[in-house]
Amino acid sequence: MTEDPSGCRHLAVAAPAAASVAHDEVMDVEAGWQKVRDDGHVRAEMVEAAYAEPRLRQLFPWLSMGELHFSRCTEPRWTWDIPYSMPAAEGSYWVSGPSRNETVGPAATIQDAMAMVIARRPTGCGPAFVGTSEELAAYETANQQAG
């Protein structure tokens, strides 16, 4: 975990073999994935397909109304800037977001749904930030001003 001058923490996710990544840093995101798996309120194939995709696995997952959401931070209030997926009729899926009033469209397979989510992630979307969305915003602002 790195910390900037304002005290905000940032999660660095590296290849599993990299010794520089501390166990606790990855645990926040991994704990989120385990909680989503254990919850049982979404189709298991949704969770597993998202987890199999490294660009989604590095984000913090959360559930709402049978939907699988992704956050760029690990603590509530989570970010709402990444599309989310939900089950639809006859084994298909629907992708919406990032906000509730935005629709991306239908997906025949979970792989198609995850590809739609990935394609619509924010520019520069990387590993989850350890903290709240407010702390993430402060971190990003500080980095923009410093750069």
# chains A, B, ... in the order shown; residues from 1 in each chain; ligands from 1
>>> select_by_dssp(residues="stretch 66-120 of chain A", states="strand (DSSP E)", output="VMD selection string")
chain A and resid 67 to 71 84 to 87 93 to 96 103 to 107
>>> residues_around(residues="A:Gly91", least_positions_apart="3", cutoff="9 Å", atoms="only C-alpha atoms", output="PyMOL selection string")
chain A and resi 87-88+108-110
>>> residues_around(residues="A:Ala128", least_positions_apart="6", cutoff="7 Å", atoms="only C-alpha atoms", output="VMD selection string")
chain A and resid 11 58 to 60 72 to 74
>>> atom_distance(atom1="atom CA of A:Met46", atom2="atom CA of A:Ser64")
13.5 Å
>>> closest_residue(among="A:Pro83, A:Gly131, A:Gly40, A:Pro122", to="A:His69", atoms="only C-alpha atoms")
A:Pro83
>>> atom_distance(atom1="atom CA of A:Gly32", atom2="atom CA of A:Ala142")
26.8 Å
>>> select_by_dssp(residues="chain A", states="alpha helix (DSSP H)", output="PDB file with N, CA, C and O atoms, in the first residue's frame")
ATOM      1  N   HIS A  23       0.388  -8.917   1.990  1.00  0.00           N
ATOM      2  CA  HIS A  23      -0.821  -9.738   2.086  1.00  0.00           C
ATOM      3  C   HIS A  23      -2.048  -8.894   2.430  1.00  0.00           C
ATOM      4  O   HIS A  23      -3.107  -9.067   1.833  1.00  0.00           O
ATOM      5  N   ASP A  24      -1.930  -7.970   3.366  1.00  0.00           N
ATOM      6  CA  ASP A  24      -3.068  -7.161   3.792  1.00  0.00           C
ATOM      7  C   ASP A  24      -3.605  -6.253   2.691  1.00  0.00           C
ATOM      8  O   ASP A  24      -4.791  -5.951   2.671  1.00  0.00           O
ATOM      9  N   GLU A  25      -2.756  -5.825   1.776  1.00  0.00           N
ATOM     10  CA  GLU A  25      -3.185  -4.926   0.708  1.00  0.00           C
ATOM     11  C   GLU A  25      -4.213  -5.579  -0.198  1.00  0.00           C
ATOM     12  O   GLU A  25      -5.180  -4.954  -0.613  1.00  0.00           O
ATOM     13  N   VAL A  26      -3.993  -6.822  -0.536  1.00  0.00           N
ATOM     14  CA  VAL A  26      -4.880  -7.529  -1.444  1.00  0.00           C
ATOM     15  C   VAL A  26      -6.108  -8.049  -0.704  1.00  0.00           C
ATOM     16  O   VAL A  26      -7.152  -8.271  -1.300  1.00  0.00           O
ATOM     17  N   MET A  27      -6.022  -8.193   0.601  1.00  0.00           N
ATOM     18  CA  MET A  27      -7.106  -8.793   1.375  1.00  0.00           C
ATOM     19  C   MET A  27      -8.403  -8.006   1.293  1.00  0.00           C
ATOM     20  O   MET A  27      -9.478  -8.604   1.278  1.00  0.00           O
ATOM     21  N   ASP A  28      -8.355  -6.681   1.234  1.00  0.00           N
ATOM     22  CA  ASP A  28      -9.588  -5.904   1.140  1.00  0.00           C
ATOM     23  C   ASP A  28     -10.389  -6.297  -0.096  1.00  0.00           C
ATOM     24  O   ASP A  28     -11.583  -6.562  -0.019  1.00  0.00           O
ATOM     25  N   VAL A  29      -9.718  -6.342  -1.244  1.00  0.00           N
ATOM     26  CA  VAL A  29     -10.393  -6.704  -2.488  1.00  0.00           C
ATOM     27  C   VAL A  29     -10.787  -8.172  -2.468  1.00  0.00           C
ATOM     28  O   VAL A  29     -11.919  -8.529  -2.808  1.00  0.00           O
ATOM     29  N   GLU A  30      -9.876  -9.042  -2.055  1.00  0.00           N
ATOM     30  CA  GLU A  30     -10.193 -10.478  -2.001  1.00  0.00           C
ATOM     31  C   GLU A  30     -11.342 -10.761  -1.035  1.00  0.00           C
ATOM     32  O   GLU A  30     -12.190 -11.603  -1.309  1.00  0.00           O
ATOM     33  N   ALA A  31     -11.365 -10.069   0.091  1.00  0.00           N
ATOM     34  CA  ALA A  31     -12.469 -10.245   1.049  1.00  0.00           C
ATOM     35  C   ALA A  31     -13.790  -9.832   0.410  1.00  0.00           C
ATOM     36  O   ALA A  31     -14.825 -10.465   0.643  1.00  0.00           O
ATOM     37  N   GLY A  32     -13.763  -8.790  -0.391  1.00  0.00           N
ATOM     38  CA  GLY A  32     -14.968  -8.362  -1.104  1.00  0.00           C
ATOM     39  C   GLY A  32     -15.457  -9.424  -2.069  1.00  0.00           C
ATOM     40  O   GLY A  32     -16.653  -9.724  -2.137  1.00  0.00           O
ATOM     41  N   TRP A  33     -14.531 -10.008  -2.819  1.00  0.00           N
ATOM     42  CA  TRP A  33     -14.907 -11.075  -3.743  1.00  0.00           C
ATOM     43  C   TRP A  33     -15.462 -12.282  -2.998  1.00  0.00           C
ATOM     44  O   TRP A  33     -16.449 -12.886  -3.422  1.00  0.00           O
ATOM     45  N   GLN A  34     -14.853 -12.634  -1.873  1.00  0.00           N
ATOM     46  CA  GLN A  34     -15.352 -13.777  -1.104  1.00  0.00           C
ATOM     47  C   GLN A  34     -16.750 -13.490  -0.552  1.00  0.00           C
ATOM     48  O   GLN A  34     -17.627 -14.360  -0.568  1.00  0.00           O
ATOM     49  N   LYS A  35     -16.966 -12.287  -0.085  1.00  0.00           N
ATOM     50  CA  LYS A  35     -18.287 -11.921   0.442  1.00  0.00           C
ATOM     51  C   LYS A  35     -19.350 -12.016  -0.651  1.00  0.00           C
ATOM     52  O   LYS A  35     -20.451 -12.518  -0.416  1.00  0.00           O
ATOM     53  N   VAL A  36     -19.022 -11.551  -1.847  1.00  0.00           N
ATOM     54  CA  VAL A  36     -19.960 -11.627  -2.972  1.00  0.00           C
ATOM     55  C   VAL A  36     -20.241 -13.086  -3.317  1.00  0.00           C
ATOM     56  O   VAL A  36     -21.383 -13.470  -3.568  1.00  0.00           O
ATOM     57  N   ARG A  37     -19.201 -13.916  -3.319  1.00  0.00           N
ATOM     58  CA  ARG A  37     -19.389 -15.351  -3.597  1.00  0.00           C
ATOM     59  C   ARG A  37     -20.304 -15.989  -2.559  1.00  0.00           C
ATOM     60  O   ARG A  37     -21.177 -16.779  -2.885  1.00  0.00           O
ATOM     61  N   ASP A  38     -20.063 -15.677  -1.297  1.00  0.00           N
ATOM     62  CA  ASP A  38     -20.811 -16.290  -0.209  1.00  0.00           C
ATOM     63  C   ASP A  38     -22.251 -15.800  -0.118  1.00  0.00           C
ATOM     64  O   ASP A  38     -23.106 -16.484   0.433  1.00  0.00           O
ATOM     65  N   ASP A  39     -22.527 -14.626  -0.659  1.00  0.00           N
ATOM     66  CA  ASP A  39     -23.839 -13.999  -0.527  1.00  0.00           C
ATOM     67  C   ASP A  39     -24.944 -14.816  -1.189  1.00  0.00           C
ATOM     68  O   ASP A  39     -26.028 -14.968  -0.635  1.00  0.00           O
ATOM     69  N   ALA A  44     -23.897 -17.416  -9.676  1.00  0.00           N
ATOM     70  CA  ALA A  44     -22.486 -17.717  -9.411  1.00  0.00           C
ATOM     71  C   ALA A  44     -21.630 -17.495 -10.655  1.00  0.00           C
ATOM     72  O   ALA A  44     -20.490 -17.024 -10.554  1.00  0.00           O
ATOM     73  N   GLU A  45     -22.167 -17.787 -11.836  1.00  0.00           N
ATOM     74  CA  GLU A  45     -21.375 -17.599 -13.054  1.00  0.00           C
ATOM     75  C   GLU A  45     -21.059 -16.123 -13.310  1.00  0.00           C
ATOM     76  O   GLU A  45     -20.042 -15.806 -13.929  1.00  0.00           O
ATOM     77  N   MET A  46     -21.890 -15.225 -12.815  1.00  0.00           N
ATOM     78  CA  MET A  46     -21.581 -13.792 -12.945  1.00  0.00           C
ATOM     79  C   MET A  46     -20.328 -13.455 -12.152  1.00  0.00           C
ATOM     80  O   MET A  46     -19.419 -12.787 -12.649  1.00  0.00           O
ATOM     81  N   VAL A  47     -20.301 -13.896 -10.919  1.00  0.00           N
ATOM     82  CA  VAL A  47     -19.164 -13.613 -10.039  1.00  0.00           C
ATOM     83  C   VAL A  47     -17.898 -14.252 -10.589  1.00  0.00           C
ATOM     84  O   VAL A  47     -16.845 -13.601 -10.670  1.00  0.00           O
ATOM     85  N   GLU A  48     -17.983 -15.507 -11.008  1.00  0.00           N
ATOM     86  CA  GLU A  48     -16.796 -16.207 -11.482  1.00  0.00           C
ATOM     87  C   GLU A  48     -16.275 -15.631 -12.792  1.00  0.00           C
ATOM     88  O   GLU A  48     -15.061 -15.532 -12.991  1.00  0.00           O
ATOM     89  N   ALA A  49     -17.163 -15.229 -13.692  1.00  0.00           N
ATOM     90  CA  ALA A  49     -16.723 -14.623 -14.963  1.00  0.00           C
ATOM     91  C   ALA A  49     -16.048 -13.278 -14.707  1.00  0.00           C
ATOM     92  O   ALA A  49     -15.035 -12.958 -15.331  1.00  0.00           O
ATOM     93  N   ALA A  50     -16.581 -12.495 -13.791  1.00  0.00           N
ATOM     94  CA  ALA A  50     -15.969 -11.208 -13.462  1.00  0.00           C
ATOM     95  C   ALA A  50     -14.614 -11.422 -12.799  1.00  0.00           C
ATOM     96  O   ALA A  50     -13.625 -10.755 -13.134  1.00  0.00           O
ATOM     97  N   TYR A  51     -14.548 -12.359 -11.877  1.00  0.00           N
ATOM     98  CA  TYR A  51     -13.297 -12.630 -11.165  1.00  0.00           C
ATOM     99  C   TYR A  51     -12.218 -13.167 -12.110  1.00  0.00           C
ATOM    100  O   TYR A  51     -11.027 -12.894 -11.937  1.00  0.00           O
ATOM    101  N   ALA A  52     -12.621 -13.904 -13.127  1.00  0.00           N
ATOM    102  CA  ALA A  52     -11.666 -14.462 -14.089  1.00  0.00           C
ATOM    103  C   ALA A  52     -11.024 -13.381 -14.955  1.00  0.00           C
ATOM    104  O   ALA A  52      -9.978 -13.617 -15.555  1.00  0.00           O
ATOM    105  N   PRO A  54      -8.917 -10.171 -15.163  1.00  0.00           N
ATOM    106  CA  PRO A  54      -8.023  -9.385 -14.299  1.00  0.00           C
ATOM    107  C   PRO A  54      -8.408  -7.912 -14.158  1.00  0.00           C
ATOM    108  O   PRO A  54      -8.237  -7.327 -13.094  1.00  0.00           O
ATOM    109  N   ARG A  55      -8.956  -7.315 -15.221  1.00  0.00           N
ATOM    110  CA  ARG A  55      -9.327  -5.889 -15.148  1.00  0.00           C
ATOM    111  C   ARG A  55     -10.516  -5.651 -14.232  1.00  0.00           C
ATOM    112  O   ARG A  55     -10.700  -4.544 -13.727  1.00  0.00           O
ATOM    113  N   LEU A  56     -11.324  -6.672 -13.995  1.00  0.00           N
ATOM    114  CA  LEU A  56     -12.427  -6.562 -13.037  1.00  0.00           C
ATOM    115  C   LEU A  56     -12.025  -7.094 -11.671  1.00  0.00           C
ATOM    116  O   LEU A  56     -12.454  -6.577 -10.652  1.00  0.00           O
ATOM    117  N   ARG A  57     -11.206  -8.136 -11.640  1.00  0.00           N
ATOM    118  CA  ARG A  57     -10.776  -8.742 -10.375  1.00  0.00           C
ATOM    119  C   ARG A  57     -10.055  -7.736  -9.479  1.00  0.00           C
ATOM    120  O   ARG A  57     -10.117  -7.822  -8.264  1.00  0.00           O
ATOM    121  N   ILE A 110     -22.612 -14.350 -20.246  1.00  0.00           N
ATOM    122  CA  ILE A 110     -21.961 -13.593 -19.181  1.00  0.00           C
ATOM    123  C   ILE A 110     -20.629 -13.031 -19.680  1.00  0.00           C
ATOM    124  O   ILE A 110     -20.231 -11.940 -19.288  1.00  0.00           O
ATOM    125  N   GLN A 111     -19.948 -13.735 -20.567  1.00  0.00           N
ATOM    126  CA  GLN A 111     -18.703 -13.217 -21.123  1.00  0.00           C
ATOM    127  C   GLN A 111     -18.949 -11.944 -21.927  1.00  0.00           C
ATOM    128  O   GLN A 111     -18.167 -10.987 -21.844  1.00  0.00           O
ATOM    129  N   ASP A 112     -20.053 -11.913 -22.684  1.00  0.00           N
ATOM    130  CA  ASP A 112     -20.414 -10.701 -23.422  1.00  0.00           C
ATOM    131  C   ASP A 112     -20.710  -9.556 -22.457  1.00  0.00           C
ATOM    132  O   ASP A 112     -20.306  -8.414 -22.682  1.00  0.00           O
ATOM    133  N   ALA A 113     -21.417  -9.873 -21.381  1.00  0.00           N
ATOM    134  CA  ALA A 113     -21.747  -8.840 -20.389  1.00  0.00           C
ATOM    135  C   ALA A 113     -20.484  -8.267 -19.755  1.00  0.00           C
ATOM    136  O   ALA A 113     -20.344  -7.046 -19.612  1.00  0.00           O
ATOM    137  N   MET A 114     -19.555  -9.125 -19.381  1.00  0.00           N
ATOM    138  CA  MET A 114     -18.313  -8.645 -18.759  1.00  0.00           C
ATOM    139  C   MET A 114     -17.489  -7.828 -19.749  1.00  0.00           C
ATOM    140  O   MET A 114     -16.884  -6.818 -19.382  1.00  0.00           O
ATOM    141  N   ALA A 115     -17.486  -8.224 -21.025  1.00  0.00           N
ATOM    142  CA  ALA A 115     -16.775  -7.445 -22.050  1.00  0.00           C
ATOM    143  C   ALA A 115     -17.389  -6.048 -22.186  1.00  0.00           C
ATOM    144  O   ALA A 115     -16.661  -5.060 -22.374  1.00  0.00           O
ATOM    145  N   MET A 116     -18.707  -5.949 -22.072  1.00  0.00           N
ATOM    146  CA  MET A 116     -19.375  -4.647 -22.143  1.00  0.00           C
ATOM    147  C   MET A 116     -18.993  -3.775 -20.949  1.00  0.00           C
ATOM    148  O   MET A 116     -18.788  -2.571 -21.094  1.00  0.00           O
ATOM    149  N   VAL A 117     -18.898  -4.379 -19.777  1.00  0.00           N
ATOM    150  CA  VAL A 117     -18.484  -3.638 -18.575  1.00  0.00           C
ATOM    151  C   VAL A 117     -17.051  -3.146 -18.745  1.00  0.00           C
ATOM    152  O   VAL A 117     -16.758  -1.968 -18.522  1.00  0.00           O
ATOM    153  N   ILE A 118     -16.165  -4.033 -19.173  1.00  0.00           N
ATOM    154  CA  ILE A 118     -14.750  -3.683 -19.328  1.00  0.00           C
ATOM    155  C   ILE A 118     -14.578  -2.539 -20.327  1.00  0.00           C
ATOM    156  O   ILE A 118     -13.817  -1.597 -20.091  1.00  0.00           O
ATOM    157  N   ALA A 119     -15.294  -2.614 -21.432  1.00  0.00           N
ATOM    158  CA  ALA A 119     -15.158  -1.600 -22.477  1.00  0.00           C
ATOM    159  C   ALA A 119     -15.605  -0.214 -22.024  1.00  0.00           C
ATOM    160  O   ALA A 119     -15.195   0.792 -22.600  1.00  0.00           O
ATOM    161  N   SER A 133     -14.837   6.578  -1.394  1.00  0.00           N
ATOM    162  CA  SER A 133     -14.848   7.336  -2.647  1.00  0.00           C
ATOM    163  C   SER A 133     -14.384   8.769  -2.424  1.00  0.00           C
ATOM    164  O   SER A 133     -13.741   9.362  -3.292  1.00  0.00           O
ATOM    165  N   GLU A 134     -14.675   9.316  -1.260  1.00  0.00           N
ATOM    166  CA  GLU A 134     -14.222  10.671  -0.950  1.00  0.00           C
ATOM    167  C   GLU A 134     -12.695  10.721  -0.837  1.00  0.00           C
ATOM    168  O   GLU A 134     -12.048  11.647  -1.329  1.00  0.00           O
ATOM    169  N   GLU A 135     -12.115   9.713  -0.195  1.00  0.00           N
ATOM    170  CA  GLU A 135     -10.659   9.644  -0.083  1.00  0.00           C
ATOM    171  C   GLU A 135     -10.018   9.419  -1.457  1.00  0.00           C
ATOM    172  O   GLU A 135      -8.964   9.993  -1.761  1.00  0.00           O
ATOM    173  N   LEU A 136     -10.664   8.610  -2.291  1.00  0.00           N
ATOM    174  CA  LEU A 136     -10.179   8.396  -3.655  1.00  0.00           C
ATOM    175  C   LEU A 136     -10.190   9.704  -4.431  1.00  0.00           C
ATOM    176  O   LEU A 136      -9.219  10.032  -5.122  1.00  0.00           O
ATOM    177  N   ALA A 137     -11.275  10.464  -4.328  1.00  0.00           N
ATOM    178  CA  ALA A 137     -11.363  11.744  -5.037  1.00  0.00           C
ATOM    179  C   ALA A 137     -10.259  12.699  -4.574  1.00  0.00           C
ATOM    180  O   ALA A 137      -9.629  13.374  -5.397  1.00  0.00           O
ATOM    181  N   ALA A 138      -9.998  12.740  -3.271  1.00  0.00           N
ATOM    182  CA  ALA A 138      -8.939  13.599  -2.744  1.00  0.00           C
ATOM    183  C   ALA A 138      -7.580  13.144  -3.260  1.00  0.00           C
ATOM    184  O   ALA A 138      -6.730  13.970  -3.638  1.00  0.00           O
ATOM    185  N   TYR A 139      -7.367  11.848  -3.297  1.00  0.00           N
ATOM    186  CA  TYR A 139      -6.117  11.282  -3.803  1.00  0.00           C
ATOM    187  C   TYR A 139      -5.915  11.661  -5.271  1.00  0.00           C
ATOM    188  O   TYR A 139      -4.840  12.097  -5.680  1.00  0.00           O
ATOM    189  N   GLU A 140      -6.959  11.487  -6.085  1.00  0.00           N
ATOM    190  CA  GLU A 140      -6.861  11.808  -7.503  1.00  0.00           C
ATOM    191  C   GLU A 140      -6.633  13.299  -7.722  1.00  0.00           C
ATOM    192  O   GLU A 140      -5.827  13.692  -8.585  1.00  0.00           O
ATOM    193  N   THR A 141      -7.290  14.140  -6.939  1.00  0.00           N
ATOM    194  CA  THR A 141      -7.097  15.583  -7.059  1.00  0.00           C
ATOM    195  C   THR A 141      -5.658  15.952  -6.706  1.00  0.00           C
ATOM    196  O   THR A 141      -5.018  16.741  -7.406  1.00  0.00           O
ATOM    197  N   ALA A 142      -5.139  15.385  -5.630  1.00  0.00           N
ATOM    198  CA  ALA A 142      -3.763  15.673  -5.220  1.00  0.00           C
ATOM    199  C   ALA A 142      -2.774  15.236  -6.301  1.00  0.00           C
ATOM    200  O   ALA A 142      -1.803  15.942  -6.583  1.00  0.00           O
ATOM    201  N   ASN A 143      -3.026  14.076  -6.913  1.00  0.00           N
ATOM    202  CA  ASN A 143      -2.143  13.596  -7.967  1.00  0.00           C
ATOM    203  C   ASN A 143      -2.199  14.473  -9.199  1.00  0.00           C
ATOM    204  O   ASN A 143      -1.193  14.696  -9.865  1.00  0.00           O
ATOM    205  N   GLN A 144      -3.389  14.979  -9.556  1.00  0.00           N
ATOM    206  CA  GLN A 144      -3.530  15.856 -10.713  1.00  0.00           C
ATOM    207  C   GLN A 144      -2.798  17.180 -10.475  1.00  0.00           C
ATOM    208  O   GLN A 144      -2.169  17.705 -11.368  1.00  0.00           O
ATOM    209  N   GLN A 145      -2.896  17.696  -9.264  1.00  0.00           N
ATOM    210  CA  GLN A 145      -2.239  18.960  -8.938  1.00  0.00           C
ATOM    211  C   GLN A 145      -0.726  18.797  -8.895  1.00  0.00           C
ATOM    212  O   GLN A 145       0.009  19.713  -9.244  1.00  0.00           O
ATOM    213  N   ALA A 146      -0.270  17.634  -8.449  1.00  0.00           N
ATOM    214  CA  ALA A 146       1.170  17.387  -8.353  1.00  0.00           C
ATOM    215  C   ALA A 146       1.778  17.132  -9.738  1.00  0.00           C
ATOM    216  O   ALA A 146       2.955  17.365  -9.936  1.00  0.00           O
TER     217      ALA A 146
END
>>> closest_residue(among="A:Phe129, A:Gly105, A:Leu68, A:Pro98", to="A:Ser85", atoms="only C-alpha atoms")
A:Leu68
